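The structure file structure_15.txt is reproduced below (compact mmCIF, C-alpha atoms).
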```txt
# COMPACT_ATOMS: atom_id res chain seq x y z
CA MET A 1 190.97 128.46 23.71
CA ILE A 2 191.61 128.31 27.45
CA VAL A 3 193.80 131.39 27.30
CA GLN A 4 191.14 133.28 25.44
CA SER A 5 188.42 132.51 27.97
CA MET A 6 190.85 133.40 30.73
CA TYR A 7 191.33 136.82 29.21
CA LYS A 8 187.66 137.33 28.71
CA ASN A 9 186.60 136.22 32.18
CA GLY A 10 189.52 138.04 33.73
CA ALA A 11 188.43 141.23 32.01
CA ILE A 12 184.85 140.81 33.24
CA LEU A 13 186.03 140.15 36.78
CA THR A 14 188.30 143.17 36.63
CA ALA A 15 185.45 145.33 35.45
CA PHE A 16 183.30 144.19 38.36
CA ALA A 17 186.17 144.68 40.80
CA LEU A 18 186.61 148.23 39.57
CA ILE A 19 182.93 149.04 39.83
CA THR A 20 182.47 147.51 43.28
CA THR A 21 185.63 148.99 44.81
CA GLY A 22 184.73 152.28 43.17
CA SER A 23 181.35 152.39 44.87
CA VAL A 24 182.86 151.35 48.20
CA ALA A 25 185.47 154.07 47.91
CA LEU A 26 182.80 156.62 47.04
CA VAL A 27 180.70 155.76 50.11
CA GLN A 28 183.81 155.76 52.22
CA THR A 29 184.80 159.29 51.23
CA LEU A 30 181.23 160.43 51.80
CA THR A 31 181.06 158.96 55.30
CA ALA A 32 184.68 159.37 56.43
CA GLU A 33 184.19 162.73 58.05
CA ARG A 34 181.08 161.67 59.90
CA ILE A 35 182.65 158.41 61.10
CA ASN A 36 185.65 160.32 62.37
CA GLU A 37 183.35 162.75 64.15
CA GLN A 38 181.38 159.90 65.73
CA GLU A 39 184.54 158.22 66.92
CA GLN A 40 185.87 161.40 68.45
CA GLN A 41 182.55 162.08 70.12
CA HIS A 42 182.52 158.57 71.50
CA LEU A 43 186.10 158.97 72.76
CA MET A 44 185.34 162.34 74.34
CA GLY A 45 182.30 160.92 76.07
CA LEU A 46 184.39 158.08 77.39
CA LEU A 47 187.25 160.30 78.57
CA GLY A 48 184.75 162.64 80.22
CA GLN A 49 183.37 159.73 82.23
CA VAL A 50 186.62 158.97 84.04
CA LEU A 51 187.76 162.56 84.61
CA PRO A 52 185.27 165.22 85.77
CA HIS A 53 185.12 168.31 83.56
CA ASN A 54 186.39 170.66 86.27
CA GLU A 55 189.68 168.75 86.47
CA TYR A 56 190.95 169.69 83.01
CA ASP A 57 190.66 172.45 80.45
CA ASN A 58 192.44 171.10 77.38
CA VAL A 59 191.03 169.00 74.53
CA LEU A 60 191.92 165.55 75.82
CA TYR A 61 192.07 163.56 72.61
CA LYS A 62 194.50 166.03 71.06
CA ASP A 63 197.21 165.47 73.63
CA CYS A 64 198.57 162.01 74.22
CA VAL A 65 201.66 159.83 74.44
CA LEU A 66 202.10 156.22 73.41
CA SER A 67 203.63 153.63 75.67
CA ASN A 68 204.71 150.05 75.25
CA ALA A 69 205.09 149.43 78.97
CA PRO A 70 204.29 145.81 79.89
CA GLU A 71 202.36 147.07 82.94
CA LEU A 72 199.63 148.28 80.61
CA GLY A 73 199.12 145.00 78.83
CA PRO A 74 200.56 142.76 76.14
CA ASN A 75 199.19 144.49 73.06
CA GLY A 76 200.94 147.84 73.10
CA PRO A 77 201.43 150.55 72.22
CA TYR A 78 198.77 152.02 74.50
CA THR A 79 197.52 155.57 74.37
CA LEU A 80 197.81 157.81 77.43
CA TYR A 81 195.86 161.08 77.21
CA ARG A 82 197.24 164.00 79.19
CA ALA A 83 194.92 166.35 81.02
CA TYR A 84 196.01 169.87 81.96
CA LYS A 85 194.38 172.33 84.31
CA ASN A 86 195.61 175.94 84.02
CA ASP A 87 198.59 174.65 82.04
CA ALA A 88 199.68 172.42 84.92
CA PRO A 89 199.54 168.61 84.57
CA SER A 90 196.33 167.38 86.16
CA ALA A 91 195.90 163.72 85.34
CA VAL A 92 196.77 161.07 82.85
CA LEU A 93 194.10 158.90 81.23
CA VAL A 94 195.51 155.47 80.51
CA ARG A 95 194.11 152.94 78.11
CA HIS A 96 195.22 149.50 79.21
CA THR A 97 194.31 145.86 78.69
CA THR A 98 194.31 142.71 80.73
CA PRO A 99 194.49 139.30 79.09
CA HIS A 100 193.45 137.58 82.35
CA GLY A 101 189.69 137.90 81.89
CA TYR A 102 187.39 134.92 81.61
CA SER A 103 187.11 135.14 77.84
CA GLY A 104 189.27 137.41 75.74
CA ASN A 105 190.97 140.66 76.60
CA ILE A 106 189.36 143.31 78.75
CA ASP A 107 190.08 146.90 77.69
CA VAL A 108 190.10 149.45 80.48
CA LEU A 109 190.41 153.22 80.70
CA SER A 110 191.69 154.73 83.95
CA ALA A 111 192.32 158.33 84.97
CA ILE A 112 195.13 158.82 87.49
CA HIS A 113 196.40 161.98 89.20
CA ALA A 114 200.03 162.77 89.98
CA ASP A 115 199.73 161.58 93.58
CA GLY A 116 198.36 158.22 92.49
CA ARG A 117 194.73 159.11 93.18
CA ILE A 118 192.40 157.35 90.80
CA SER A 119 189.77 159.65 89.38
CA GLY A 120 187.71 157.05 87.57
CA VAL A 121 187.83 153.73 85.73
CA ARG A 122 185.70 152.29 82.93
CA VAL A 123 185.79 149.00 81.09
CA THR A 124 185.62 149.95 77.42
CA ARG A 125 185.41 146.51 75.82
CA HIS A 126 185.08 142.97 77.11
CA GLU A 127 183.61 139.60 76.23
CA GLU A 128 182.85 138.38 79.74
CA THR A 129 179.83 136.21 80.47
CA PRO A 130 176.62 138.26 80.37
CA GLY A 131 174.96 138.34 83.77
CA LEU A 132 178.10 137.30 85.64
CA GLY A 133 181.34 138.93 84.56
CA ASP A 134 179.70 141.84 82.80
CA LYS A 135 179.03 143.57 86.12
CA VAL A 136 182.30 145.41 85.48
CA GLU A 137 180.25 147.58 83.09
CA LEU A 138 178.76 150.67 84.69
CA ALA A 139 175.49 149.96 82.90
CA LYS A 140 175.11 146.69 84.80
CA SER A 141 176.51 147.50 88.24
CA ASP A 142 178.25 150.37 90.01
CA TRP A 143 181.09 148.09 91.08
CA ILE A 144 183.57 149.95 88.86
CA THR A 145 183.06 153.14 90.91
CA THR A 146 184.79 151.47 93.89
CA PHE A 147 188.00 152.71 92.30
CA ASN A 148 186.99 156.37 92.50
CA GLY A 149 189.23 158.32 94.86
CA MET A 150 191.46 155.41 95.84
CA VAL A 151 195.16 156.24 96.08
CA ILE A 152 197.73 153.70 95.00
CA GLU A 153 200.51 153.35 97.59
CA SER A 154 202.84 150.74 96.16
CA GLN A 155 203.21 148.34 93.33
CA THR A 156 201.78 145.57 95.48
CA ASP A 157 199.18 147.65 97.28
CA PRO A 158 197.18 144.91 99.08
CA ARG A 159 193.92 146.87 98.94
CA PHE A 160 193.86 146.48 95.16
CA ALA A 161 192.52 142.94 95.18
CA VAL A 162 189.16 141.22 95.49
CA LYS A 163 187.92 140.44 99.01
CA LYS A 164 188.66 136.78 98.47
CA ASP A 165 192.33 137.78 98.11
CA ALA A 166 192.11 140.05 101.18
CA GLY A 167 191.56 143.23 99.16
CA GLN A 168 188.87 145.88 99.08
CA PHE A 169 186.89 144.92 96.02
CA ASP A 170 183.76 142.81 95.94
CA GLN A 171 183.93 139.77 93.76
CA PHE A 172 180.74 138.84 91.94
CA THR A 173 178.88 135.70 92.82
CA GLY A 174 180.04 133.09 90.36
CA ALA A 175 182.61 135.34 88.73
CA THR A 176 185.83 136.11 90.56
CA ILE A 177 188.14 135.96 87.58
CA THR A 178 186.79 139.06 85.87
CA PRO A 179 187.00 141.52 88.80
CA ARG A 180 190.35 140.07 89.80
CA ALA A 181 191.70 140.73 86.30
CA VAL A 182 190.32 144.27 86.17
CA VAL A 183 191.55 145.21 89.64
CA SER A 184 195.06 143.94 89.05
CA SER A 185 195.24 145.65 85.68
CA VAL A 186 194.15 148.98 87.16
CA LYS A 187 196.64 148.55 90.00
CA GLN A 188 199.52 148.10 87.59
CA ALA A 189 198.42 150.87 85.27
CA ALA A 190 197.92 153.28 88.17
CA TRP A 191 201.32 152.49 89.61
CA TYR A 192 202.92 152.91 86.20
CA ALA A 193 201.21 156.26 85.73
CA LYS A 194 202.22 157.47 89.17
CA GLN A 195 205.86 156.44 88.77
CA ASN A 196 206.20 157.91 85.29
CA PHE A 197 203.92 160.90 85.70
CA GLU A 198 206.55 163.57 85.02
CA ALA A 199 208.22 161.63 82.24
CA LEU A 200 204.87 161.19 80.53
CA PHE A 201 204.19 164.91 80.62
CA ASN A 202 207.67 165.70 79.33
CA ALA A 203 207.31 163.42 76.33
CA GLU A 204 206.33 164.69 72.93
CA ASN A 205 202.66 164.91 72.00
CA ALA A 206 201.73 161.98 69.75
CA CYS A 207 198.16 163.01 68.92
CA GLY A 208 198.38 166.71 68.12
CA ASP A 209 196.53 168.27 65.24
CA THR A 210 196.27 165.65 62.56
CA GLN A 211 194.09 167.63 60.19
CA MET T 1 150.61 139.79 40.17
CA SER T 2 150.12 136.32 41.51
CA GLN T 3 153.87 135.85 41.16
CA PHE T 4 154.48 138.66 43.64
CA LYS T 5 152.01 137.12 46.03
CA SER T 6 153.60 133.72 45.84
CA LEU T 7 157.06 135.24 46.35
CA MET T 8 155.72 136.95 49.44
CA LYS T 9 154.34 133.71 50.78
CA GLU T 10 157.58 131.89 50.03
CA GLY T 11 159.78 134.46 51.76
CA MET T 12 157.67 135.03 54.83
CA TRP T 13 156.53 131.47 55.42
CA GLY T 14 156.85 128.58 52.99
CA ASN T 15 160.52 128.97 52.16
CA ASN T 16 161.57 131.28 54.99
CA PRO T 17 165.37 131.64 54.95
CA ALA T 18 165.72 131.21 58.71
CA LEU T 19 163.02 128.64 59.47
CA VAL T 20 162.98 126.45 56.39
CA GLN T 21 166.16 126.98 54.40
CA LEU T 22 168.09 127.38 57.67
CA LEU T 23 170.49 129.80 56.00
CA GLY T 24 172.50 132.49 57.74
CA LEU T 25 172.32 130.88 61.15
CA CYS T 26 175.59 132.37 62.38
CA PRO T 27 174.34 135.95 62.76
CA LEU T 28 170.86 134.67 63.56
CA LEU T 29 172.07 132.82 66.61
CA ALA T 30 174.77 135.25 67.63
CA VAL T 31 173.06 138.64 67.72
CA THR T 32 169.53 137.84 68.78
CA SER T 33 170.14 138.45 72.48
CA THR T 34 168.03 141.63 72.31
CA VAL T 35 165.31 142.95 70.00
CA THR T 36 167.41 146.00 69.16
CA ASN T 37 170.36 143.96 67.95
CA ALA T 38 168.04 141.66 66.02
CA LEU T 39 166.28 144.58 64.38
CA GLY T 40 169.59 146.21 63.47
CA LEU T 41 171.04 143.11 61.89
CA GLY T 42 167.71 142.28 60.23
CA LEU T 43 167.60 145.70 58.57
CA ALA T 44 171.24 145.48 57.51
CA THR T 45 170.66 142.06 55.97
CA LEU T 46 167.49 143.25 54.26
CA LEU T 47 169.33 146.19 52.68
CA VAL T 48 172.19 144.01 51.47
CA LEU T 49 169.83 141.35 50.16
CA VAL T 50 167.69 143.78 48.16
CA GLY T 51 170.77 145.58 46.82
CA SER T 52 172.58 142.42 45.82
CA ASN T 53 169.47 140.84 44.31
CA ILE T 54 168.80 143.87 42.10
CA THR T 55 172.41 144.18 41.01
CA VAL T 56 172.84 140.49 40.31
CA SER T 57 169.63 140.49 38.33
CA VAL T 58 170.67 143.55 36.28
CA VAL T 59 174.04 142.09 35.35
CA ARG T 60 172.88 138.49 34.99
CA ASN T 61 173.13 138.46 31.20
CA TRP T 62 176.68 139.79 31.11
CA VAL T 63 178.16 137.40 33.64
CA PRO T 64 179.41 134.12 32.17
CA LYS T 65 178.32 131.09 34.12
CA ASP T 66 181.87 130.08 35.03
CA ILE T 67 182.70 133.22 36.97
CA ARG T 68 179.30 134.07 38.35
CA ILE T 69 180.13 133.12 41.94
CA PRO T 70 183.20 135.38 42.30
CA VAL T 71 181.20 138.19 40.74
CA PHE T 72 178.25 137.64 43.09
CA VAL T 73 180.54 137.52 46.11
CA MET T 74 182.17 140.74 45.01
CA ILE T 75 178.81 142.47 44.62
CA ILE T 76 177.62 141.24 48.02
CA ALA T 77 180.89 142.21 49.71
CA ALA T 78 180.62 145.70 48.24
CA PHE T 79 177.08 146.11 49.56
CA VAL T 80 178.03 144.83 53.00
CA THR T 81 180.96 147.24 53.19
CA ILE T 82 178.71 150.12 52.18
CA VAL T 83 176.08 149.20 54.78
CA GLN T 84 178.83 148.84 57.36
CA LEU T 85 180.20 152.29 56.57
CA LEU T 86 176.73 153.80 56.73
CA MET T 87 175.99 152.15 60.07
CA ASN T 88 179.35 153.28 61.41
CA ALA T 89 178.52 156.82 60.39
CA TYR T 90 174.86 157.06 61.42
CA THR T 91 174.20 154.43 64.09
CA PHE T 92 177.53 154.33 65.87
CA GLY T 93 176.30 152.71 69.08
CA LEU T 94 174.57 149.90 67.26
CA TYR T 95 177.58 149.46 65.01
CA GLN T 96 179.64 148.83 68.11
CA SER T 97 177.22 146.39 69.64
CA LEU T 98 176.82 144.36 66.43
CA GLY T 99 180.57 144.44 65.94
CA ILE T 100 181.93 141.60 63.89
CA PHE T 101 178.52 140.40 62.71
CA ILE T 102 178.07 143.12 60.11
CA PRO T 103 181.07 142.03 58.03
CA LEU T 104 179.87 138.46 58.53
CA ILE T 105 176.78 139.26 56.46
CA VAL T 106 179.10 138.71 53.48
CA THR T 107 179.05 135.02 54.22
CA ASN T 108 175.34 134.88 55.03
CA CYS T 109 174.31 132.03 52.77
CA ALA T 110 170.79 133.40 52.52
CA ILE T 111 172.13 136.24 50.39
CA ILE T 112 174.30 134.35 47.94
CA GLY T 113 171.62 131.65 47.97
CA ARG T 114 169.02 134.09 46.67
CA ALA T 115 171.48 135.57 44.16
CA GLU T 116 172.18 132.13 42.79
CA ALA T 117 168.73 130.59 43.00
CA PHE T 118 166.54 133.53 42.08
CA ALA T 119 168.13 136.81 41.05
CA SER T 120 170.39 135.25 38.41
CA LYS T 121 167.33 133.92 36.60
CA ASN T 122 164.70 136.64 36.99
CA ASN T 123 164.16 140.26 36.08
CA PRO T 124 165.22 143.08 38.46
CA LEU T 125 161.70 143.89 39.63
CA LEU T 126 160.89 140.34 40.68
CA SER T 127 164.36 139.97 42.19
CA ALA T 128 163.96 143.11 44.24
CA TRP T 129 160.63 141.87 45.53
CA ASP T 130 162.16 138.49 46.32
CA GLY T 131 164.94 140.28 48.21
CA VAL T 132 162.46 142.34 50.20
CA MET T 133 160.37 139.32 51.15
CA MET T 134 163.26 137.01 51.95
CA GLY T 135 164.92 139.81 53.92
CA LEU T 136 161.70 140.52 55.82
CA GLY T 137 161.19 136.84 56.51
CA PHE T 138 164.70 136.67 57.92
CA ALA T 139 164.30 139.88 59.92
CA VAL T 140 160.97 138.79 61.41
CA VAL T 141 162.47 135.54 62.67
CA LEU T 142 165.43 137.49 64.08
CA ILE T 143 163.11 139.89 65.88
CA VAL T 144 160.83 137.18 67.27
CA LEU T 145 163.82 135.21 68.52
CA GLY T 146 165.37 138.39 69.92
CA ALA T 147 162.15 139.23 71.74
CA MET T 148 161.87 135.72 73.19
CA ARG T 149 165.43 135.76 74.44
CA GLU T 150 165.30 139.30 75.76
CA ILE T 151 162.05 138.73 77.67
CA ILE T 152 163.16 135.44 79.17
CA GLY T 153 166.75 136.51 79.76
CA GLN T 154 166.48 140.07 81.00
CA GLY T 155 162.76 140.71 81.39
CA THR T 156 162.87 143.71 79.05
CA LEU T 157 161.95 144.62 75.49
CA PHE T 158 163.72 147.15 73.25
CA ASP T 159 166.59 147.58 75.69
CA GLY T 160 169.07 149.94 74.03
CA ALA T 161 166.72 150.87 71.18
CA ASP T 162 168.18 154.39 71.30
CA LEU T 163 171.39 152.99 69.79
CA LEU T 164 169.49 152.16 66.62
CA LEU T 165 166.72 154.73 66.42
CA GLY T 166 168.09 157.78 68.21
CA ALA T 167 167.57 159.27 71.65
CA TRP T 168 163.76 159.36 71.51
CA ALA T 169 163.65 155.57 71.42
CA THR T 170 164.56 155.22 75.09
CA VAL T 171 160.82 155.48 75.76
CA LEU T 172 160.31 152.23 73.84
CA ARG T 173 162.10 150.27 76.53
CA ILE T 174 159.63 148.11 78.40
CA GLU T 175 160.54 146.49 81.67
CA LEU T 176 158.29 143.46 81.97
CA PHE T 177 159.76 142.11 85.18
CA THR T 178 163.04 142.31 87.07
CA PHE T 179 165.36 139.52 88.14
CA ASP T 180 168.10 139.61 90.70
CA ASN T 181 170.11 137.59 88.24
CA GLN T 182 169.58 137.34 84.52
CA PHE T 183 168.42 134.03 83.12
CA LEU T 184 171.67 133.13 81.44
CA VAL T 185 170.59 130.23 79.26
CA ALA T 186 168.37 132.53 77.24
CA ILE T 187 171.08 135.12 76.70
CA LEU T 188 173.94 132.78 75.87
CA PRO T 189 174.18 130.95 72.52
CA PRO T 190 172.41 127.76 73.72
CA GLY T 191 169.30 129.88 74.28
CA ALA T 192 169.43 130.89 70.65
CA PHE T 193 169.53 127.26 69.53
CA LEU T 194 166.67 126.29 71.84
CA GLY T 195 164.64 129.30 70.78
CA LEU T 196 165.15 128.68 67.07
CA GLY T 197 164.29 125.00 67.58
CA LEU T 198 161.03 125.97 69.25
CA LEU T 199 160.20 128.41 66.44
CA ILE T 200 160.81 125.76 63.77
CA ALA T 201 158.75 123.25 65.74
CA GLY T 202 155.96 125.78 66.07
CA LYS T 203 156.00 126.44 62.34
CA ASN T 204 155.81 122.71 61.63
CA VAL T 205 152.83 122.29 63.97
CA ILE T 206 151.00 125.12 62.22
CA ASP T 207 151.85 123.67 58.82
CA THR T 208 150.46 120.25 59.76
CA GLN T 209 147.27 121.80 61.06
CA ILE T 210 146.79 123.82 57.90
CA LYS T 211 147.34 120.72 55.85
CA ALA T 212 144.89 118.73 57.93
CA LYS T 213 142.25 121.40 57.49
CA ALA T 214 142.83 121.72 53.77
CA SER T 215 142.32 118.06 53.04
CA PRO T 216 139.34 116.66 54.96
CA VAL T 217 140.17 113.53 56.89
CA ALA T 218 138.15 111.00 54.99
CA GLN T 219 137.94 111.04 51.25
CA PRO T 220 134.32 110.85 50.14
CA GLU T 221 133.65 107.27 49.38
CA LYS T 222 133.32 106.43 45.80
CA ALA T 223 130.48 104.35 44.67
CA PRO T 224 131.51 100.73 44.89
CA ARG T 225 132.35 99.46 41.53
CA ALA T 226 131.19 96.07 40.67
CA ARG T 227 134.05 93.98 39.67
CA VAL T 228 133.07 91.47 37.21
CA THR T 229 135.43 88.72 36.33
CA ASN T 230 135.05 85.26 35.08
CA LEU T 231 131.41 85.31 34.70
CA THR T 232 131.16 82.22 32.68
```
Encoded form using structure tokens:
Amino acid sequence: MIVQSMYKNGAILTAFALITTGSVALVQTLTAERINEQEQQHLMGLLGQVLPHNEYDNVLYKDCVLSNAPELGPNGPYTLYRAYKNDAPSAVLVRHTTPHGYSGNIDVLSAIHADGRISGVRVTRHEETPGLGDKVELAKSDWITTFNGMVIESQTDPRFAVKKDAGQFDQFTGATITPRAVVSSVKQAAWYAKQNFEALFNAENACGDTQ
Amino acid sequence: MSQFKSLMKEGMWGNNPALVQLLGLCPLLAVTSTVTNALGLGLATLLVLVGSNITVSVVRNWVPKDIRIPVFVMIIAAFVTIVQLLMNAYTFGLYQSLGIFIPLIVTNCAIIGRAEAFASKNNPLLSAWDGVMMGLGFAVVLIVLGAMREIIGQGTLFDGADLLLGAWATVLRIELFTFDNQFLVAILPPGAFLGLGLLIAGKNVIDTQIKAKASPVAQPEKAPRARVTNLT
């Protein structure tokens, strides 16, 4: 009796599972291309923000290396996009993360030239307090542009710190933790990129043509 | 016809999922920091609710009572995944700003609540209508709360509407006033609780007034009835 109803109900459940997963799979195949397109567009827009268009002539998202370096954050591997200009290495665009934000990880994207000059920095994802820590977003404040054009000199470059710690960066009223975390993360990532610049460009391409 | 009308009244007011049943509070409180987010999540919930109500109602006679809940959850989860994929494909910016709260629609009790309480007992047409009205009732509360919080918190309306509606919608953005600093209480979760509390209180005040009007204060006095006992 019990076994029989188990079979029957199991069969009904299976039928529903097949139908529902079938429809999900159908929609997924229909939207996959468009989602991929949207994600690439989003990524290209983001990469274009930290490196001006006249500084590279390759398709950025098709040329990258992966790195597990602890300087970039605890959740590796991180993607580093390589930018070329006239077939010569121009800059490397590093995705990195800091766990030292006020709430949750802060994801950052930085573009660094061979000589350690920082082309641009953007915070790509964060959960900082709205109105206080979220001034690291360009939409809220132009604080993040302080990085533009700075050149990293050493691993402990004292200018890469908030003013409270005798550095060059403004802290926000009521929120020192967030800018401190971002600045120190960019410092480490920039130094890593500068030190390993040639090695990064000699490594094999990990993005390439996937299609 | 009167059934449709009463369903409309139930969904939008009398049995409103957000104000009376207090279902689905997690997304309600979490994403209402701006009108755009509220509208996006409201529409997503509406779509899922209508879809799941119709499907549940169509299959209601083939689903044994014992396994109806797993089946309903499966149907709802499928609809949520489909809506999520569609939003990812066509409203990418909004998809990113709503983030985790789209998958959380799966556990929005308003949806399984309607599947269980209404769609599993009524025909597809009525269930669809119930889904539309409940979904609208939910969305309206989301939007009102989003507007309250956005005005008080940032002094704007429809900030970021272009994420949902396309580039033309940037003109919708209204800047009512500017602060040097945003009013944080309104934007953070406590503001959502306070705002929802005020909305519920407001609804209760209106309800009491309607009731008071409907039944005049003093009942017309009945003619005194002579009580005659022990006349001997």
task = Taking the point (165.5, 145.8, 54.7) as given in the file, collect each protein or nucleic acid residue that comes within 7 Å of it, counting only C-alpha atoms, and present the set as an NGL selection string.
result = :T and (42-47 or 132 or 135-136)
query = Taking all atoms listed in the file into account, what are the residues of chain T at most 10 Å from chain A, put as a PyMOL selection string?
reply = chain T and resi 59+62-68+70-72+74-93+96+153-154+180-184+187-188
ask   = Which distance in Å separates CA of Arg180 (chain A) and CA of Val162 (chain A), to one decimal?
value =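 A separation of 5.9 Å between them.
The spacing separating CA of Asn61 (chain T) from CA of Met1 (chain A) amounts to 21.8 Å.
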ask   = CA of Lys62 (chain A) and CA of Leu43 (chain A) are how many Å apart?
value =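 CA of Leu43 (chain A) lies at a distance of 11.1 Å from CA of Lys62 (chain A).
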